[in-house]
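Structure file structure-v8.cif; described as mmCIF, C-alpha atoms.
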```cif
data_target
loop_
_atom_site.label_atom_id
_atom_site.label_comp_id
_atom_site.auth_asym_id
_atom_site.auth_seq_id
_atom_site.Cartn_x
_atom_site.Cartn_y
_atom_site.Cartn_z
CA MET A 213 104.65 92.95 103.90
CA GLN A 214 102.50 90.41 105.77
CA PHE A 215 100.24 90.25 102.72
CA PHE A 216 103.13 89.12 100.50
CA VAL A 217 104.39 86.68 103.12
CA ASP A 218 100.95 85.07 103.37
CA LEU A 219 100.58 85.14 99.59
CA LEU A 220 103.86 83.33 98.91
CA SER A 221 103.31 80.85 101.73
CA GLN A 222 100.36 79.29 99.87
CA PRO A 223 101.50 76.61 97.40
CA SER A 224 98.22 76.90 95.49
CA ILE A 225 98.91 80.56 94.77
CA ILE A 226 102.52 79.82 93.82
CA ALA A 227 101.29 77.21 91.34
CA GLY A 228 98.98 79.78 89.77
CA ILE A 229 101.78 82.33 89.52
CA VAL A 230 104.10 79.79 87.86
CA VAL A 231 101.48 78.89 85.27
CA MET A 232 100.80 82.55 84.61
CA ALA A 233 104.51 83.22 84.04
CA GLY A 234 104.83 80.23 81.73
CA LEU A 235 101.84 81.20 79.62
CA ILE A 236 103.06 84.78 79.35
CA ALA A 237 106.51 83.53 78.28
CA LEU A 238 104.83 81.46 75.55
CA ARG A 239 102.94 84.59 74.42
CA LYS A 240 99.54 83.07 74.96
CA PRO A 241 96.45 85.30 74.61
CA PHE A 242 95.33 87.21 77.69
CA THR A 243 92.20 85.07 78.08
CA GLU A 244 94.28 81.85 78.12
CA VAL A 245 96.66 83.32 80.69
CA ILE A 246 93.82 84.22 83.06
CA GLY A 247 91.97 80.96 82.54
CA GLY A 248 95.06 78.78 82.95
CA THR A 249 96.15 80.63 86.09
CA ILE A 250 92.77 80.25 87.77
CA ARG A 251 92.43 76.58 86.80
CA ALA A 252 95.88 75.81 88.25
CA PHE A 253 94.96 77.62 91.48
CA ILE A 254 91.67 75.73 91.81
CA GLY A 255 93.40 72.44 90.94
CA PHE A 256 95.78 72.80 93.88
CA ILE A 257 92.86 73.57 96.21
CA VAL A 258 91.07 70.41 95.02
CA LEU A 259 94.33 68.47 95.52
CA LEU A 260 94.48 69.65 99.12
CA ALA A 261 90.85 68.66 99.69
CA GLY A 262 91.60 65.13 98.48
CA THR A 263 94.65 64.78 100.70
CA ASN A 264 92.68 65.90 103.75
CA ILE A 265 90.08 63.19 103.10
CA ILE A 266 92.73 60.48 102.68
CA VAL A 267 94.71 61.48 105.77
CA GLY A 268 91.53 61.59 107.87
CA VAL A 269 90.54 58.06 106.86
CA LEU A 270 94.06 56.71 107.45
CA ASN A 271 94.11 58.25 110.91
CA ASN A 272 90.86 56.46 111.78
CA PHE A 273 92.18 53.20 110.37
CA GLY A 274 95.37 53.55 112.38
CA LYS A 275 93.37 53.98 115.60
CA LEU A 276 91.25 50.91 114.87
CA PHE A 277 94.23 48.80 113.86
CA THR A 278 96.16 49.66 116.99
CA LYS A 279 93.18 48.84 119.21
CA ALA A 280 92.22 45.67 117.33
CA PHE A 281 95.60 43.95 117.12
CA ASN A 282 97.61 45.79 119.74
CA MET A 283 100.18 46.66 117.08
CA HIS A 284 101.15 49.65 115.02
CA GLY A 285 100.00 49.34 111.40
CA MET A 286 100.61 51.54 108.38
CA ILE A 287 99.36 51.74 104.80
CA PRO A 288 101.90 52.94 102.20
CA SER A 289 100.17 55.49 99.97
CA ASN A 290 101.62 58.12 97.65
CA GLU A 291 98.51 60.24 98.03
CA ALA A 292 98.58 60.15 101.82
CA ALA A 293 102.31 60.98 101.84
CA ILE A 294 101.60 63.94 99.57
CA GLY A 295 98.92 65.08 101.98
CA ILE A 296 101.29 65.11 104.93
CA THR A 297 104.04 66.89 102.97
CA VAL A 298 101.81 69.53 101.38
CA ALA A 299 100.05 70.27 104.66
CA LYS A 300 103.35 70.94 106.46
CA TYR A 301 105.84 71.96 103.78
CA GLY A 302 103.72 72.81 100.74
CA THR A 303 105.67 75.90 99.77
CA ILE A 304 109.02 74.06 99.77
CA ALA A 305 107.61 71.14 97.78
CA THR A 306 106.05 73.45 95.19
CA PHE A 307 109.26 75.39 94.58
CA ILE A 308 111.30 72.15 94.37
CA PHE A 309 108.78 70.87 91.82
CA VAL A 310 108.94 73.99 89.65
CA PHE A 311 112.71 74.45 89.73
CA GLY A 312 113.22 70.72 89.28
CA LEU A 313 111.23 70.84 86.02
CA ILE A 314 113.35 73.77 84.84
CA LEU A 315 116.58 71.94 85.70
CA ASN A 316 115.32 68.85 83.88
CA ILE A 317 115.12 70.91 80.69
CA LEU A 318 118.52 72.53 81.24
CA LEU A 319 120.24 69.22 82.04
CA ALA A 320 118.69 67.66 78.95
CA ARG A 321 120.01 70.58 76.92
CA PHE A 322 123.59 70.56 78.24
CA THR A 323 124.24 66.89 79.14
CA LYS A 324 123.95 63.61 77.28
CA PHE A 325 120.75 62.64 79.13
CA LYS A 326 118.30 63.89 76.49
CA TYR A 327 115.07 63.15 78.36
CA ILE A 328 112.14 65.37 79.28
CA PHE A 329 110.02 63.93 82.10
CA LEU A 330 106.43 64.49 80.93
CA SER A 331 104.69 62.69 83.80
CA SER A 332 104.46 65.87 85.83
CA ASP A 333 102.26 64.33 88.52
CA HIS A 334 105.07 61.96 89.48
CA ALA A 335 107.56 64.82 89.29
CA PHE A 336 105.41 66.58 91.88
CA TYR A 337 105.27 63.40 93.97
CA MET A 338 109.06 63.18 93.90
CA ALA A 339 109.32 66.83 94.95
CA CYS A 340 107.11 65.97 97.93
CA CYS A 341 109.33 62.95 98.67
CA LEU A 342 112.52 65.03 98.63
CA THR A 343 111.09 67.81 100.79
CA PRO A 344 111.04 65.90 104.13
CA ILE A 345 114.57 64.68 103.40
CA MET A 346 115.86 68.24 103.21
CA VAL A 347 113.83 69.33 106.24
CA LEU A 348 115.11 66.33 108.24
CA SER A 349 118.69 67.51 107.78
CA GLY A 350 117.88 70.83 109.46
CA MET A 351 117.98 72.98 106.32
CA ASN A 352 115.95 76.17 106.19
CA THR A 353 113.35 76.83 103.49
CA LEU A 354 115.74 78.37 100.94
CA GLU A 355 118.40 75.67 101.37
CA SER A 356 115.78 72.93 101.09
CA ILE A 357 114.48 74.41 97.84
CA ILE A 358 117.95 74.81 96.29
CA PHE A 359 119.33 71.35 97.03
CA GLY A 360 116.00 69.58 96.65
CA SER A 361 115.61 71.10 93.17
CA MET A 362 119.13 70.01 92.20
CA VAL A 363 118.39 66.41 93.13
CA LEU A 364 114.97 66.42 91.46
CA GLY A 365 116.32 67.82 88.20
CA VAL A 366 118.84 64.98 87.93
CA ILE A 367 116.28 62.33 88.82
CA LEU A 368 113.90 63.59 86.14
CA CYS A 369 116.44 63.20 83.32
CA VAL A 370 118.32 60.10 84.54
CA PHE A 371 115.52 57.74 85.55
CA PRO A 372 113.93 57.65 82.05
CA ALA A 373 117.40 56.67 80.80
CA ILE A 374 117.31 53.66 83.16
CA ALA A 375 113.96 52.52 81.74
CA HIS A 376 114.77 53.26 78.09
CA PRO A 377 116.54 50.00 77.09
CA THR A 378 113.58 47.84 78.14
CA MET A 379 111.12 50.36 76.74
CA LYS A 380 112.72 49.84 73.32
CA ILE A 381 112.02 46.11 73.65
CA ILE A 382 108.41 46.67 74.74
CA THR A 383 107.48 49.33 72.19
CA GLY A 384 109.93 48.62 69.38
CA ARG A 385 110.68 52.35 69.27
CA ASP A 386 113.74 54.40 70.17
CA ASP A 387 112.04 57.80 70.38
CA MET A 388 110.19 57.36 73.66
CA SER A 389 110.89 56.39 77.26
CA PHE A 390 109.04 55.97 80.52
CA ALA A 391 108.33 58.48 83.29
CA HIS A 392 106.99 56.77 86.39
CA PHE A 393 108.69 56.45 89.76
CA GLY A 394 108.60 52.71 90.05
CA THR A 395 111.64 52.70 87.76
CA ILE A 396 113.93 50.81 90.11
CA GLU A 397 111.34 48.04 90.44
CA TYR A 398 110.82 47.93 86.65
CA TRP A 399 114.56 47.80 86.00
CA PHE A 400 114.89 45.06 88.64
CA SER A 401 112.09 43.02 87.05
CA ALA A 402 113.67 43.38 83.61
CA LYS A 403 117.01 42.15 84.97
CA ILE A 404 115.35 39.23 86.75
CA GLY A 405 113.59 38.41 83.48
CA SER A 406 116.90 38.36 81.64
CA LEU A 407 118.44 36.03 84.25
CA VAL A 408 115.59 33.49 84.30
CA ASN A 409 115.34 33.51 80.50
CA LYS A 410 118.98 32.63 79.76
CA LYS A 411 118.72 28.83 79.78
CA LYS A 412 115.18 28.28 78.54
CA LYS A 413 113.10 30.83 76.67
CA SER A 414 109.74 31.53 78.28
CA LYS A 415 106.68 32.47 76.24
CA SER A 416 105.01 35.83 76.70
CA ILE A 417 102.43 35.95 79.46
CA GLU A 418 100.06 37.67 77.05
CA GLU A 419 99.52 34.26 75.43
CA ILE A 420 97.72 33.11 78.60
CA LYS A 421 93.99 33.76 78.94
CA PHE A 422 92.92 34.95 82.40
CA PRO A 423 89.31 34.64 83.66
CA GLN A 424 87.23 37.62 82.64
CA GLY A 425 85.87 37.70 86.18
CA LEU A 426 89.08 39.39 87.34
CA ALA A 427 88.83 42.21 84.83
CA PHE A 428 87.14 44.52 87.36
CA LEU A 429 90.47 44.75 89.22
CA GLN A 430 91.79 46.91 86.37
CA ASP A 431 89.64 49.74 87.74
CA SER A 432 91.83 50.92 90.60
CA ASN A 433 88.94 52.86 92.21
CA VAL A 434 86.90 49.66 92.51
CA SER A 435 89.91 47.71 93.79
CA VAL A 436 90.71 50.33 96.40
CA MET A 437 87.10 50.43 97.61
CA ILE A 438 86.88 46.63 97.89
CA VAL A 439 90.17 46.15 99.70
CA MET A 440 89.64 49.09 102.07
CA THR A 441 86.13 47.82 102.88
CA ILE A 442 87.50 44.38 103.77
CA LEU A 443 90.27 45.90 105.88
CA PHE A 444 87.92 48.27 107.70
CA PHE A 445 85.40 45.48 108.37
CA ILE A 446 88.14 43.29 109.84
CA VAL A 447 89.56 45.92 112.19
CA THR A 448 86.06 47.10 113.11
CA ALA A 449 84.99 43.57 114.06
CA VAL A 450 88.10 42.93 116.15
CA ALA A 451 88.19 46.37 117.81
CA GLY A 452 84.54 45.97 118.83
CA PRO A 453 81.51 48.27 118.69
CA GLU A 454 82.32 49.92 122.01
CA TYR A 455 85.60 51.36 120.74
CA VAL A 456 84.15 52.25 117.34
CA GLY A 457 81.41 54.13 119.20
CA LYS A 458 84.09 56.59 120.35
CA LEU A 459 84.75 57.52 116.71
CA THR A 460 81.20 57.65 115.31
CA THR A 461 77.51 57.53 116.19
CA LEU A 462 76.72 55.37 113.13
CA ASN A 463 76.44 51.60 113.10
CA PRO A 464 80.07 50.36 113.15
CA TYR A 465 79.85 48.54 109.82
CA VAL A 466 77.97 51.33 108.07
CA TRP A 467 80.69 53.69 109.27
CA ALA A 468 83.40 51.26 108.10
CA LEU A 469 81.82 51.12 104.64
CA THR A 470 81.65 54.91 104.38
CA GLN A 471 85.26 55.23 105.51
CA ALA A 472 86.37 52.89 102.73
CA ALA A 473 84.33 54.89 100.23
CA GLN A 474 85.81 58.15 101.52
CA PHE A 475 89.32 56.78 101.04
CA ALA A 476 88.60 55.80 97.42
CA GLY A 477 86.77 59.09 96.87
CA GLY A 478 89.66 61.04 98.38
CA ILE A 479 92.04 59.51 95.84
CA ILE A 480 89.65 60.47 93.03
CA VAL A 481 89.43 64.06 94.33
CA LEU A 482 93.21 64.29 94.72
CA VAL A 483 93.90 62.94 91.23
CA THR A 484 91.31 65.33 89.80
CA GLY A 485 93.09 68.24 91.44
CA VAL A 486 96.49 67.02 90.26
CA ASN A 487 95.20 66.67 86.69
CA MET A 488 93.68 70.16 86.75
CA LEU A 489 96.98 71.59 87.97
CA LEU A 490 99.16 69.65 85.56
CA ASP A 491 96.92 70.31 82.56
CA GLU A 492 98.06 73.91 82.89
CA ILE A 493 101.68 73.42 83.98
CA THR A 494 102.67 70.64 81.56
CA PRO A 495 101.99 72.49 78.26
CA ALA A 496 104.01 75.48 79.46
CA PHE A 497 107.07 73.35 80.26
CA LYS A 498 106.68 71.27 77.14
CA GLY A 499 106.70 74.48 75.12
CA PHE A 500 109.92 75.49 76.82
CA SER A 501 111.51 72.11 76.18
CA ASP A 502 110.58 72.10 72.48
CA LYS A 503 112.42 75.37 72.02
CA ILE A 504 115.39 74.69 74.29
CA VAL A 505 116.04 70.93 73.79
CA PRO A 506 115.44 69.95 70.15
CA ASN A 507 115.20 66.18 69.50
CA ALA A 508 114.75 65.39 73.18
CA VAL A 509 113.31 61.98 74.10
CA PRO A 510 109.98 62.31 75.94
CA GLY A 511 109.32 60.21 79.02
CA TYR A 512 105.63 59.28 78.97
CA PRO A 513 103.29 58.36 81.86
CA PHE A 514 102.44 54.73 82.69
CA ALA A 515 99.28 54.55 80.57
CA ILE A 516 101.46 54.37 77.45
CA LEU A 517 102.14 50.69 78.31
CA PHE A 518 98.63 49.50 79.11
CA LYS A 519 97.56 48.64 75.56
CA GLY A 520 97.81 44.90 74.91
CA THR A 521 99.31 44.07 78.33
CA SER A 522 96.23 43.08 80.34
CA ASN A 523 97.56 39.65 81.34
CA ALA A 524 100.83 41.09 82.61
CA LEU A 525 98.99 43.79 84.55
CA LEU A 526 96.72 41.31 86.35
CA ALA A 527 99.48 38.75 86.95
CA GLY A 528 101.90 41.38 88.24
CA PHE A 529 99.25 42.84 90.52
CA LEU A 530 98.35 39.47 92.04
CA MET A 531 101.97 38.38 92.49
CA SER A 532 102.96 41.70 94.05
CA LEU A 533 99.94 41.58 96.36
CA LEU A 534 100.84 38.00 97.33
CA GLY A 535 104.32 39.17 98.29
CA GLY A 536 102.77 41.95 100.36
CA LEU A 537 100.37 39.61 102.18
CA LEU A 538 103.12 37.10 102.97
CA SER A 539 105.28 39.92 104.30
CA MET A 540 102.43 41.14 106.49
CA GLY A 541 102.14 37.66 107.98
CA VAL A 542 105.86 37.60 108.74
CA GLN A 543 105.65 41.04 110.37
CA ILE A 544 102.77 39.89 112.56
CA LEU A 545 104.77 36.87 113.69
CA LEU A 546 107.82 39.04 114.39
CA GLY A 547 105.75 41.59 116.30
CA THR A 548 107.01 44.54 114.25
CA VAL A 549 105.04 47.37 112.71
CA VAL A 550 102.73 45.81 110.13
CA VAL A 551 102.74 47.24 106.60
CA ILE A 552 99.25 46.81 105.13
CA PRO A 553 99.48 46.06 101.38
CA GLY A 554 98.66 49.20 99.39
CA ILE A 555 96.33 48.11 96.62
CA VAL A 556 97.17 51.04 94.32
CA MET A 557 100.89 50.36 94.54
CA HIS A 558 100.55 46.62 94.00
CA PHE A 559 98.32 47.10 90.98
CA PHE A 560 100.24 49.80 89.13
CA CYS A 561 103.80 49.02 90.18
CA GLY A 562 103.33 45.26 90.25
CA GLY A 563 101.51 45.31 86.92
CA ILE A 564 104.04 47.51 85.16
CA ALA A 565 106.93 45.50 86.65
CA ALA A 566 105.34 42.43 85.06
CA ILE A 567 105.27 44.20 81.68
CA PHE A 568 109.01 44.91 81.98
CA GLY A 569 109.77 41.42 83.27
CA ASN A 570 107.71 39.86 80.49
CA ALA A 571 109.66 41.85 77.87
CA THR A 572 112.95 40.23 78.89
CA GLY A 573 111.89 36.97 80.57
CA GLY A 574 108.42 36.03 79.37
CA ARG A 575 106.03 34.45 81.88
CA ARG A 576 108.68 33.74 84.50
CA GLY A 577 109.98 37.29 84.35
CA ALA A 578 106.45 38.66 84.64
CA LEU A 579 105.79 36.67 87.83
CA ILE A 580 109.08 36.60 89.75
CA GLY A 581 110.02 40.31 89.65
CA PRO A 582 106.69 41.68 90.98
CA PHE A 583 106.56 39.02 93.71
CA LEU A 584 110.05 39.81 94.99
CA PHE A 585 109.46 43.56 94.95
CA GLY A 586 106.09 43.07 96.62
CA ILE A 587 108.12 41.74 99.54
CA ILE A 588 110.79 44.44 99.35
CA LEU A 589 108.22 47.25 99.32
CA SER A 590 106.57 45.75 102.39
CA PHE A 591 109.70 46.29 104.47
CA THR A 592 111.34 49.49 103.17
CA PRO A 593 108.54 51.69 104.63
CA LEU A 594 109.53 50.40 108.06
CA LEU A 595 112.98 51.92 107.56
CA ALA A 596 111.44 55.13 106.28
CA THR A 597 109.12 55.63 109.25
CA GLY A 598 112.11 55.23 111.53
CA LEU A 599 113.67 58.18 109.73
CA PHE A 600 110.66 60.41 109.12
CA GLY A 601 108.31 59.52 111.97
CA SER A 602 109.01 62.84 113.69
CA LEU A 603 107.79 64.66 110.56
CA GLY A 604 104.40 62.97 110.61
CA PHE A 605 105.11 59.74 108.66
CA THR A 606 104.00 57.23 111.27
CA THR A 607 100.92 55.52 109.75
CA THR A 608 101.86 55.94 106.09
CA TYR A 609 104.77 56.50 103.71
CA TRP A 610 105.36 56.43 99.97
CA SER A 611 104.43 53.18 98.25
CA ASP A 612 106.42 53.09 94.98
CA SER A 613 109.97 51.79 94.73
CA ASP A 614 111.79 54.98 93.74
CA PHE A 615 110.26 57.04 96.55
CA ASN A 616 111.10 54.35 99.10
CA THR A 617 114.65 53.81 97.84
CA ILE A 618 115.51 57.50 97.55
CA GLY A 619 113.73 58.28 100.81
CA VAL A 620 115.65 55.66 102.79
CA LEU A 621 119.06 56.31 101.19
CA LEU A 622 119.01 60.12 101.24
CA GLY A 623 117.04 60.14 104.49
CA THR A 624 119.85 58.19 106.14
CA VAL A 625 122.33 60.79 104.89
CA ALA A 626 120.09 63.67 105.98
CA LYS A 627 119.85 62.19 109.46
CA MET A 628 123.59 62.89 109.78
CA GLY A 629 123.07 66.63 109.32
CA GLN A 630 123.10 69.42 106.74
CA LEU A 631 126.66 69.02 105.45
CA PRO A 632 126.34 65.35 104.41
CA ILE A 633 123.12 65.93 102.46
CA ILE A 634 124.58 69.07 100.83
CA ILE A 635 127.61 67.05 99.68
CA ALA A 636 125.35 64.24 98.46
CA SER A 637 123.16 66.72 96.54
CA ILE A 638 126.18 68.28 94.85
CA ILE A 639 127.55 64.87 93.85
CA ILE A 640 124.16 63.87 92.42
CA PHE A 641 123.89 67.13 90.49
CA ALA A 642 127.41 66.72 89.10
CA PHE A 643 126.74 63.19 87.86
CA PRO A 644 125.12 64.08 84.48
CA PHE A 645 127.94 66.52 83.67
CA VAL A 646 130.68 64.05 84.62
CA ALA A 647 128.96 61.29 82.64
CA THR A 648 128.71 63.65 79.67
CA LEU A 649 132.36 64.68 79.94
CA PHE A 650 133.63 61.10 79.92
CA GLY A 651 130.85 59.57 77.84
CA LYS A 652 131.16 59.03 74.11
CA LYS A 653 127.63 59.67 72.95
CA ALA A 654 124.30 61.04 74.04
CA VAL A 655 121.93 58.81 75.97
CA LYS A 656 118.84 59.00 73.75
#
```
Represent the supplied structure as structure tokens.
Amino acid sequence: MQFFVDLLSQPSIIAGIVVMAGLIALRKPFTEVIGGTIRAFIGFIVLLAGTNIIVGVLNNFGKLFTKAFNMHGMIPSNEAAIGITVAKYGTIATFIFVFGLILNILLARFTKFKYIFLSSDHAFYMACCLTPIMVLSGMNTLESIIFGSMVLGVILCVFPAIAHPTMKIITGRDDMSFAHFGTIEYWFSAKIGSLVNKKKKSKSIEEIKFPQGLAFLQDSNVSVMIVMTILFFIVTAVAGPEYVGKLTTLNPYVWALTQAAQFAGGIIVLVTGVNMLLDEITPAFKGFSDKIVPNAVPGYPFAILFKGTSNALLAGFLMSLLGGLLSMGVQILLGTVVVIPGIVMHFFCGGIAAIFGNATGGRRGALIGPFLFGIILSFTPLLATGLFGSLGFTTTYWSDSDFNTIGVLLGTVAKMGQLPIIIASIIIFAFPFVATLFGKKAVK
């Protein structure tokens, strides 16, 4: 019995079992079943290795920051938040992820929200975001899995519907949507673009030529390394060599440089593990969806928008980062916890928000939306750490808008106890059915 308990308590093994079941259901050859199962298992192990690296670096940075500035600092990071969740509640998160994908297909089949969320890495991230919410309410493992899966299934089919109207403007196509959990920020930027573009039409930002010298910022690994090096050098200099000597025997600045490199490398390792895992899981669920939900609208990952949008990406990144830096200055003056701008979030979310804002509001839409949300996302993690600090989220939290919004809203409900979050989960799950019952046509 203990063997089975230990076996099912390992999320990496659960992931392998799920892939094996999916491949068998699709009647794949025996060799593909074995190979896919093992690759999924290894992928999860690599994912865990990456998260351990990231969390270790963030812990060191938190110690330095506290010593250097006598304040509590945090760096929002999806990868670090995954690390904390998987390390403590990996089994719950994995089951929520798997059942959430299944419910996404079923909801697309039986409601008017005909979307299949193909960005499985973000589906897994959202499962990890929902897990602490359920745990915070006092639910046990089974209850957390059931209600967390219900919420995730709805999110996976509804959020692409929110992005779809602007996606049609950007791509000129009706048969595709967007699957990335910065959706609230992208929707907000599109709405801001529409408002600022009412009186005077603004030209597309893609008509502006940016200096080629900034092109290196498009490589997020390089950007992360540069920014983390600067941040580590600053806190190392202020904290002083005597304190740094308690953490390492290396020269303080050599150690700071290696810590920055480890952080960037940890993200690469984590993403590699996620890709290995999802390369096996995604085809199985896509095969299910093709058979169960004919004519469904696929929600694609963020890379689908990167072609021909380089100006918007760079402008959105810089404006979002500016909002984050200004917010950090305000937090320092106020003496609150300081949210260090997360370079990955500001690049991807700020850049994509600019693409959405540019679609509806041209240059002004591309600049205003990312800047405003750069400020918003510098303060929402403060609310989240107040809710989830006891679960380990003290020096980091999720960076993207949807994780922050859902985390704060549902976390506030969960703080009230089990019954409120159960009621909220049921209402959320009922929404697609009620909308279908009273709606006139499919959302597609």
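Among the candidates A:Ile225, A:Ala566, A:Leu525, A:Ile265, the one nearest to Ala473 of chain A when counting all atoms listed in the file is A:Ile265.
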My list of candidates is A:Ala391, A:Met286, A:Ala578, A:Ala299. Which is closest to Thr548 of chain A when distances are computed with all atoms listed in the file? A:Met286
Counting only C-alpha atoms, I want the residues whose atoms come within 6 Å of (88.2, 51.7, 97.3) in the file frame, returned as a list in words. Asn433, Val434, Ser435, Val436, Met437, Ile438, Met440, Ala472, Ala473 and Ala476 of chain A
Explicit residues for the PyMOL selection byres ((chain A and resi 417) around 8) (as a count of residues only): 11
Met351 of chain A: which residues within 12 Å, counting all atoms listed in the file, same-chain residues fewer than 2 positions away excluded, as a PyMOL selection string? chain A and resi 304+343-349+353-360+626-627+629-634
Suppose a student applies the PyMOL selection byres ((chain A and resi 509) around 7) to this structure; what residues should they get, written as a PyMOL selection string? chain A and resi 326-328+387-389+507-508+510-511+656
Could you tell me which of A:Leu545, A:Ile257, A:Ile564, A:Leu313 comes closest to Val230 of chain A if we count all atoms listed in the file? A:Leu313
Where does the PyMOL selection byres ((chain A and resi 392-405) around 9) land in this file, that is, which residues does it pick, as a PyMOL selection string? chain A and resi 329+331+334-335+337-338+371-372+374-375+378+390-391+406-410+511-514+560-562+564-582+584-585+612-615+617
Restricting it to C-alpha atoms, dump the selection as an mmCIF file, in the coordinates of the input.
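part-v7.cif written:
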```cif
data_model
loop_
_atom_site.group_PDB
_atom_site.id
_atom_site.type_symbol
_atom_site.label_atom_id
_atom_site.label_comp_id
_atom_site.auth_asym_id
_atom_site.auth_seq_id
_atom_site.Cartn_x
_atom_site.Cartn_y
_atom_site.Cartn_z
ATOM 1 C CA PHE A 329 110.020 63.930 82.100
ATOM 2 C CA SER A 331 104.690 62.690 83.800
ATOM 3 C CA HIS A 334 105.070 61.960 89.480
ATOM 4 C CA ALA A 335 107.560 64.820 89.290
ATOM 5 C CA TYR A 337 105.270 63.400 93.970
ATOM 6 C CA MET A 338 109.060 63.180 93.900
ATOM 7 C CA PHE A 371 115.520 57.740 85.550
ATOM 8 C CA PRO A 372 113.930 57.650 82.050
ATOM 9 C CA ILE A 374 117.310 53.660 83.160
ATOM 10 C CA ALA A 375 113.960 52.520 81.740
ATOM 11 C CA THR A 378 113.580 47.840 78.140
ATOM 12 C CA PHE A 390 109.040 55.970 80.520
ATOM 13 C CA ALA A 391 108.330 58.480 83.290
ATOM 14 C CA SER A 406 116.900 38.360 81.640
ATOM 15 C CA LEU A 407 118.440 36.030 84.250
ATOM 16 C CA VAL A 408 115.590 33.490 84.300
ATOM 17 C CA ASN A 409 115.340 33.510 80.500
ATOM 18 C CA LYS A 410 118.980 32.630 79.760
ATOM 19 C CA GLY A 511 109.320 60.210 79.020
ATOM 20 C CA TYR A 512 105.630 59.280 78.970
ATOM 21 C CA PRO A 513 103.290 58.360 81.860
ATOM 22 C CA PHE A 514 102.440 54.730 82.690
ATOM 23 C CA PHE A 560 100.240 49.800 89.130
ATOM 24 C CA CYS A 561 103.800 49.020 90.180
ATOM 25 C CA GLY A 562 103.330 45.260 90.250
ATOM 26 C CA ILE A 564 104.040 47.510 85.160
ATOM 27 C CA ALA A 565 106.930 45.500 86.650
ATOM 28 C CA ALA A 566 105.340 42.430 85.060
ATOM 29 C CA ILE A 567 105.270 44.200 81.680
ATOM 30 C CA PHE A 568 109.010 44.910 81.980
ATOM 31 C CA GLY A 569 109.770 41.420 83.270
ATOM 32 C CA ASN A 570 107.710 39.860 80.490
ATOM 33 C CA ALA A 571 109.660 41.850 77.870
ATOM 34 C CA THR A 572 112.950 40.230 78.890
ATOM 35 C CA GLY A 573 111.890 36.970 80.570
ATOM 36 C CA GLY A 574 108.420 36.030 79.370
ATOM 37 C CA ARG A 575 106.030 34.450 81.880
ATOM 38 C CA ARG A 576 108.680 33.740 84.500
ATOM 39 C CA GLY A 577 109.980 37.290 84.350
ATOM 40 C CA ALA A 578 106.450 38.660 84.640
ATOM 41 C CA LEU A 579 105.790 36.670 87.830
ATOM 42 C CA ILE A 580 109.080 36.600 89.750
ATOM 43 C CA GLY A 581 110.020 40.310 89.650
ATOM 44 C CA PRO A 582 106.690 41.680 90.980
ATOM 45 C CA LEU A 584 110.050 39.810 94.990
ATOM 46 C CA PHE A 585 109.460 43.560 94.950
ATOM 47 C CA ASP A 612 106.420 53.090 94.980
ATOM 48 C CA SER A 613 109.970 51.790 94.730
ATOM 49 C CA ASP A 614 111.790 54.980 93.740
ATOM 50 C CA PHE A 615 110.260 57.040 96.550
ATOM 51 C CA THR A 617 114.650 53.810 97.840
#
```
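Using only C-alpha atoms, the residues found no farther than 8 Å from Val298 of chain A, other than those of its own chain fewer than 4 positions away, are Leu260, Ile294, Gly302, Thr303, Ala305 and Cys340 of chain A.
As for atom CA of Ile308 of chain A and atom CA of Glu244 of chain A, they are spaced 25.5 Å apart.
Between atom CA of Arg251 of chain A and atom CA of Ala227 of chain A lies a distance of 10.0 Å.
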Would you pick out the contacts of Leu364 of chain A at 7 Å or less, using all atoms listed in the file, so that residues sharing its chain but fewer than 3 positions from it are not included, and give the list as an mmCIF file with C-alpha atoms, in the coordinates of the input?
```cif
data_model
loop_
_atom_site.group_PDB
_atom_site.id
_atom_site.type_symbol
_atom_site.label_atom_id
_atom_site.label_comp_id
_atom_site.auth_asym_id
_atom_site.auth_seq_id
_atom_site.Cartn_x
_atom_site.Cartn_y
_atom_site.Cartn_z
ATOM 1 C CA GLY A 312 113.220 70.720 89.280
ATOM 2 C CA ALA A 339 109.320 66.830 94.950
ATOM 3 C CA GLY A 360 116.000 69.580 96.650
ATOM 4 C CA SER A 361 115.610 71.100 93.170
ATOM 5 C CA ILE A 367 116.280 62.330 88.820
ATOM 6 C CA LEU A 368 113.900 63.590 86.140
#
```
Hey, could you make a per-residue contact list for segment 328-422 of chain A against segment 640-646 of chain A with 8 Å as the cut-off, showing the nearest pair of atoms and its distance in Å to one decimal, counting all atoms listed in the file, sorted by chain and number, as CSV?
```
residue,atom,partner,partner_atom,distance
A:Met362,CA,A:Phe641,CA,5.8
A:Val363,CA,A:Phe641,CA,6.1
A:Gly365,CA,A:Phe641,CA,7.9
A:Val366,CA,A:Phe641,CA,6.1
A:Val370,CA,A:Pro644,CA,7.9
```
Is there a way to get, as a compact mmCIF listing (two decimals) with C-alpha atoms, in the coordinates of the input, all residues within 7 Å of the point (122.4, 73.1, 75.2) in file coordinates, counting all atoms listed in the file?
```
# COMPACT_ATOMS: atom_id res chain seq x y z
CA ARG A 321 120.01 70.58 76.92
CA PHE A 322 123.59 70.56 78.24
CA VAL A 505 116.04 70.93 73.79
```
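Take atom CA of Ile639 of chain A and atom CA of Phe307 of chain A: the distance between them is 21.1 Å.
Nearest to Gly234 of chain A of all the residues A:Ala449, A:Ala468, A:Val439, A:Ala252 is A:Ala252, based on all atoms listed in the file.
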